[in-house]
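Novice: Take this structure first; my questions come after.
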Amino acid sequence: ESMRSAFTLGGPIQVIEAQINAAGGNNEDGSSKPIVIPGIPEGPPESEEVAGQLTQMLQEQNLGNEISVQTNIEGVLISISQKLMFMPDSEGHVPAEMHSILDTIVDMAKSIDNPIRLVGHTDDSQPSDPRYPSNWDLSLARAEAVAVYLIDQGIAPNRITISGKGQYDPIFANDTPEHRAMNGRVDIIIIYSVDESVIGGDPVGITP
């Protein structure tokens, strides 16, 4: 209700939560100081650690242009291009060349219990494989292939959700073969844990 009031045009300006540090500004060393909301981590150490480990591995294997690792407000986002993940006629399973990269993610994921979201993407070309009549089907199959691998390596299935966005969330315009290859990808998001009791408050009762 506080958020609704705060974002309603013409409504009174309100502080959404009294515990929020809205000062922001800079730390003593001059670095940026983020706004802190209780229950939402500023940057979990394990997330920063895995991002650093993966980035170093990619550099050593000259894969920096095919896989990106970054952290954002949602979690650690690992984006793997279709050029590495899915070769022609190999949609639906993860090639052996990718096992070492995914195994690093698996090792990190086993040490925590954060949810994992897998999102498949395509470019705007019509799928050539008759098993996938649309890009929705193809993108979902890509996410599912990664999910199956993670589960086979010991990640609990109830931690994983999959989705497919088809061609509708491109990184670049589909104007060159290189851009098309980058738009076709699978995003692996290690979701930050959030203290729901702080963010959500008491659960709302529902009357039948």
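Going through the structure tokens in order, the chains are called A, B, and so on, while each chain numbers its residues from 1 and the ligands are numbered from 1 in the order shown.
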Ala156 (chain A): which residues within 12 Å, counting only C-alpha atoms, same-chain residues fewer than 5 positions away excluded, as JSON, numbers by chain?

Specialist: {"A": [106, 109, 110, 112, 113, 114, 115, 116, 147, 148, 149, 150, 151, 161]}

Novice: Store the residues of this selection in a file with N, CA, C and O atoms, as a tab-separated table (two decimals), in the first residue's frame.

Specialist:
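What follows is the written file part-v7.tsv:
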```tsv
chain	number	residue	atom	x	y	z
A	106	VAL	N	27.45	-25.55	-11.50
A	106	VAL	CA	26.86	-26.58	-10.65
A	106	VAL	C	27.57	-26.62	-9.29
A	106	VAL	O	26.92	-26.67	-8.23
A	109	ALA	N	26.43	-23.74	-7.32
A	109	ALA	CA	25.02	-23.85	-6.96
A	109	ALA	C	24.79	-24.88	-5.86
A	109	ALA	O	23.85	-24.74	-5.06
A	110	LYS	N	25.61	-25.90	-5.80
A	110	LYS	CA	25.45	-26.93	-4.77
A	110	LYS	C	25.79	-26.40	-3.38
A	110	LYS	O	25.32	-26.95	-2.38
A	112	ILE	N	24.99	-23.50	-2.18
A	112	ILE	CA	23.96	-22.58	-1.72
A	112	ILE	C	22.60	-23.18	-2.07
A	112	ILE	O	22.52	-24.23	-2.72
A	113	ASP	N	21.53	-22.53	-1.66
A	113	ASP	CA	20.21	-23.08	-1.98
A	113	ASP	C	19.35	-22.07	-2.76
A	113	ASP	O	18.14	-22.18	-2.80
A	114	ASN	N	19.99	-21.10	-3.39
A	114	ASN	CA	19.26	-20.09	-4.14
A	114	ASN	C	18.50	-20.68	-5.31
A	114	ASN	O	18.95	-21.63	-5.94
A	115	PRO	N	17.34	-20.13	-5.64
A	115	PRO	CA	16.61	-20.57	-6.84
A	115	PRO	C	17.42	-20.25	-8.09
A	115	PRO	O	18.23	-19.33	-8.12
A	116	ILE	N	17.17	-21.03	-9.14
A	116	ILE	CA	17.85	-20.85	-10.42
A	116	ILE	C	16.79	-20.72	-11.51
A	116	ILE	O	15.90	-21.56	-11.63
A	147	ALA	N	18.42	-27.18	-18.02
A	147	ALA	CA	17.82	-27.65	-16.77
A	147	ALA	C	18.08	-29.14	-16.57
A	147	ALA	O	18.44	-29.58	-15.47
A	148	VAL	N	17.92	-29.92	-17.62
A	148	VAL	CA	18.14	-31.37	-17.52
A	148	VAL	C	19.58	-31.65	-17.13
A	148	VAL	O	19.85	-32.51	-16.28
A	149	TYR	N	20.53	-30.92	-17.71
A	149	TYR	CA	21.94	-31.14	-17.37
A	149	TYR	C	22.19	-30.80	-15.90
A	149	TYR	O	22.85	-31.55	-15.18
A	150	LEU	N	21.68	-29.65	-15.44
A	150	LEU	CA	21.90	-29.26	-14.06
A	150	LEU	C	21.31	-30.28	-13.09
A	150	LEU	O	21.92	-30.64	-12.08
A	151	ILE	N	20.12	-30.78	-13.41
A	151	ILE	CA	19.47	-31.77	-12.55
A	151	ILE	C	20.27	-33.07	-12.56
A	151	ILE	O	20.46	-33.70	-11.51
A	161	THR	N	13.42	-23.11	-12.40
A	161	THR	CA	12.29	-22.78	-13.26
A	161	THR	C	12.83	-22.47	-14.64
A	161	THR	O	13.96	-21.97	-14.78
```

Novice: Might you pull out every residue within 12 Å of Ala173 (chain A), with only C-alpha atoms counted and same-chain residues fewer than 6 positions away left off, and present them as a compact mmCIF listing (two decimals) with N, CA and C atoms, in the first residue's frame?

Specialist:
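Result file out_18.txt:
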```
# COMPACT_ATOMS: atom_id res chain seq x y z
N ASP A 123 17.02 -15.89 -32.18
CA ASP A 123 16.91 -14.73 -33.07
C ASP A 123 15.56 -14.81 -33.76
N ASP A 124 15.34 -14.00 -34.80
CA ASP A 124 14.02 -13.97 -35.42
C ASP A 124 13.91 -14.89 -36.65
N GLN A 167 12.00 -14.93 -29.77
CA GLN A 167 12.80 -13.88 -30.39
C GLN A 167 12.55 -12.51 -29.78
N HIS A 179 25.15 -10.77 -34.78
CA HIS A 179 24.11 -10.32 -33.86
C HIS A 179 23.06 -11.40 -33.65
N ARG A 180 22.73 -12.12 -34.71
CA ARG A 180 21.76 -13.21 -34.56
C ARG A 180 22.30 -14.27 -33.59
N ALA A 181 23.59 -14.58 -33.73
CA ALA A 181 24.19 -15.59 -32.86
C ALA A 181 24.17 -15.15 -31.40
N MET A 182 24.32 -13.86 -31.15
CA MET A 182 24.30 -13.36 -29.77
C MET A 182 22.88 -13.33 -29.22
N ASN A 183 21.92 -13.07 -30.08
CA ASN A 183 20.52 -13.05 -29.62
C ASN A 183 20.05 -14.44 -29.23
N GLY A 184 20.55 -15.47 -29.93
CA GLY A 184 20.24 -16.84 -29.55
C GLY A 184 21.11 -17.23 -28.38
```

Novice: Please report, as a Markdown table, each residue of region 125-207 of chain A lying at most 6 Å from region 70-77 of chain A, together with the nearest pair of atoms and the separation in Å rounded to one decimal; use only C-alpha atoms, and order rows by chain and ascending residue number.

Specialist:
```
| residue | atom | partner | partner_atom | distance |
| --- | --- | --- | --- | --- |
| A:Ile188 | CA | A:Leu77 | CA | 5.8 |
| A:Ile189 | CA | A:Leu77 | CA | 4.6 |
| A:Ile190 | CA | A:Val76 | CA | 5.1 |
| A:Ile191 | CA | A:Gly75 | CA | 4.5 |
| A:Tyr192 | CA | A:Gly75 | CA | 4.9 |
```

Novice: When you count only C-alpha atoms, which of these residues is closest to Ala143 (chain A): A:Arg131, A:His99, A:Arg117, A:Arg159?

Specialist: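 For Ala143 (chain A), the nearest of the given residues is A:Arg117.
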
Novice: If I take CA of Ile160 (chain A) and CA of Val119 (chain A), how far is one from the other in Å, to one decimal?

Specialist: 10.8 Å

Novice: Rank nothing, just name the residue among A:Ser100, A:Tyr132, A:Glu66, A:Pro127 nearest to Leu84 (chain A), using only C-alpha atoms.

Specialist: A:Glu66

Novice: Name the residues of region 113-155 of chain A that fall into helix (DSSP H, G or I) according to DSSP on the backbone, using the chain letters and numbers of this document, as a PyMOL selection string.

Specialist: chain A and resi 135-152
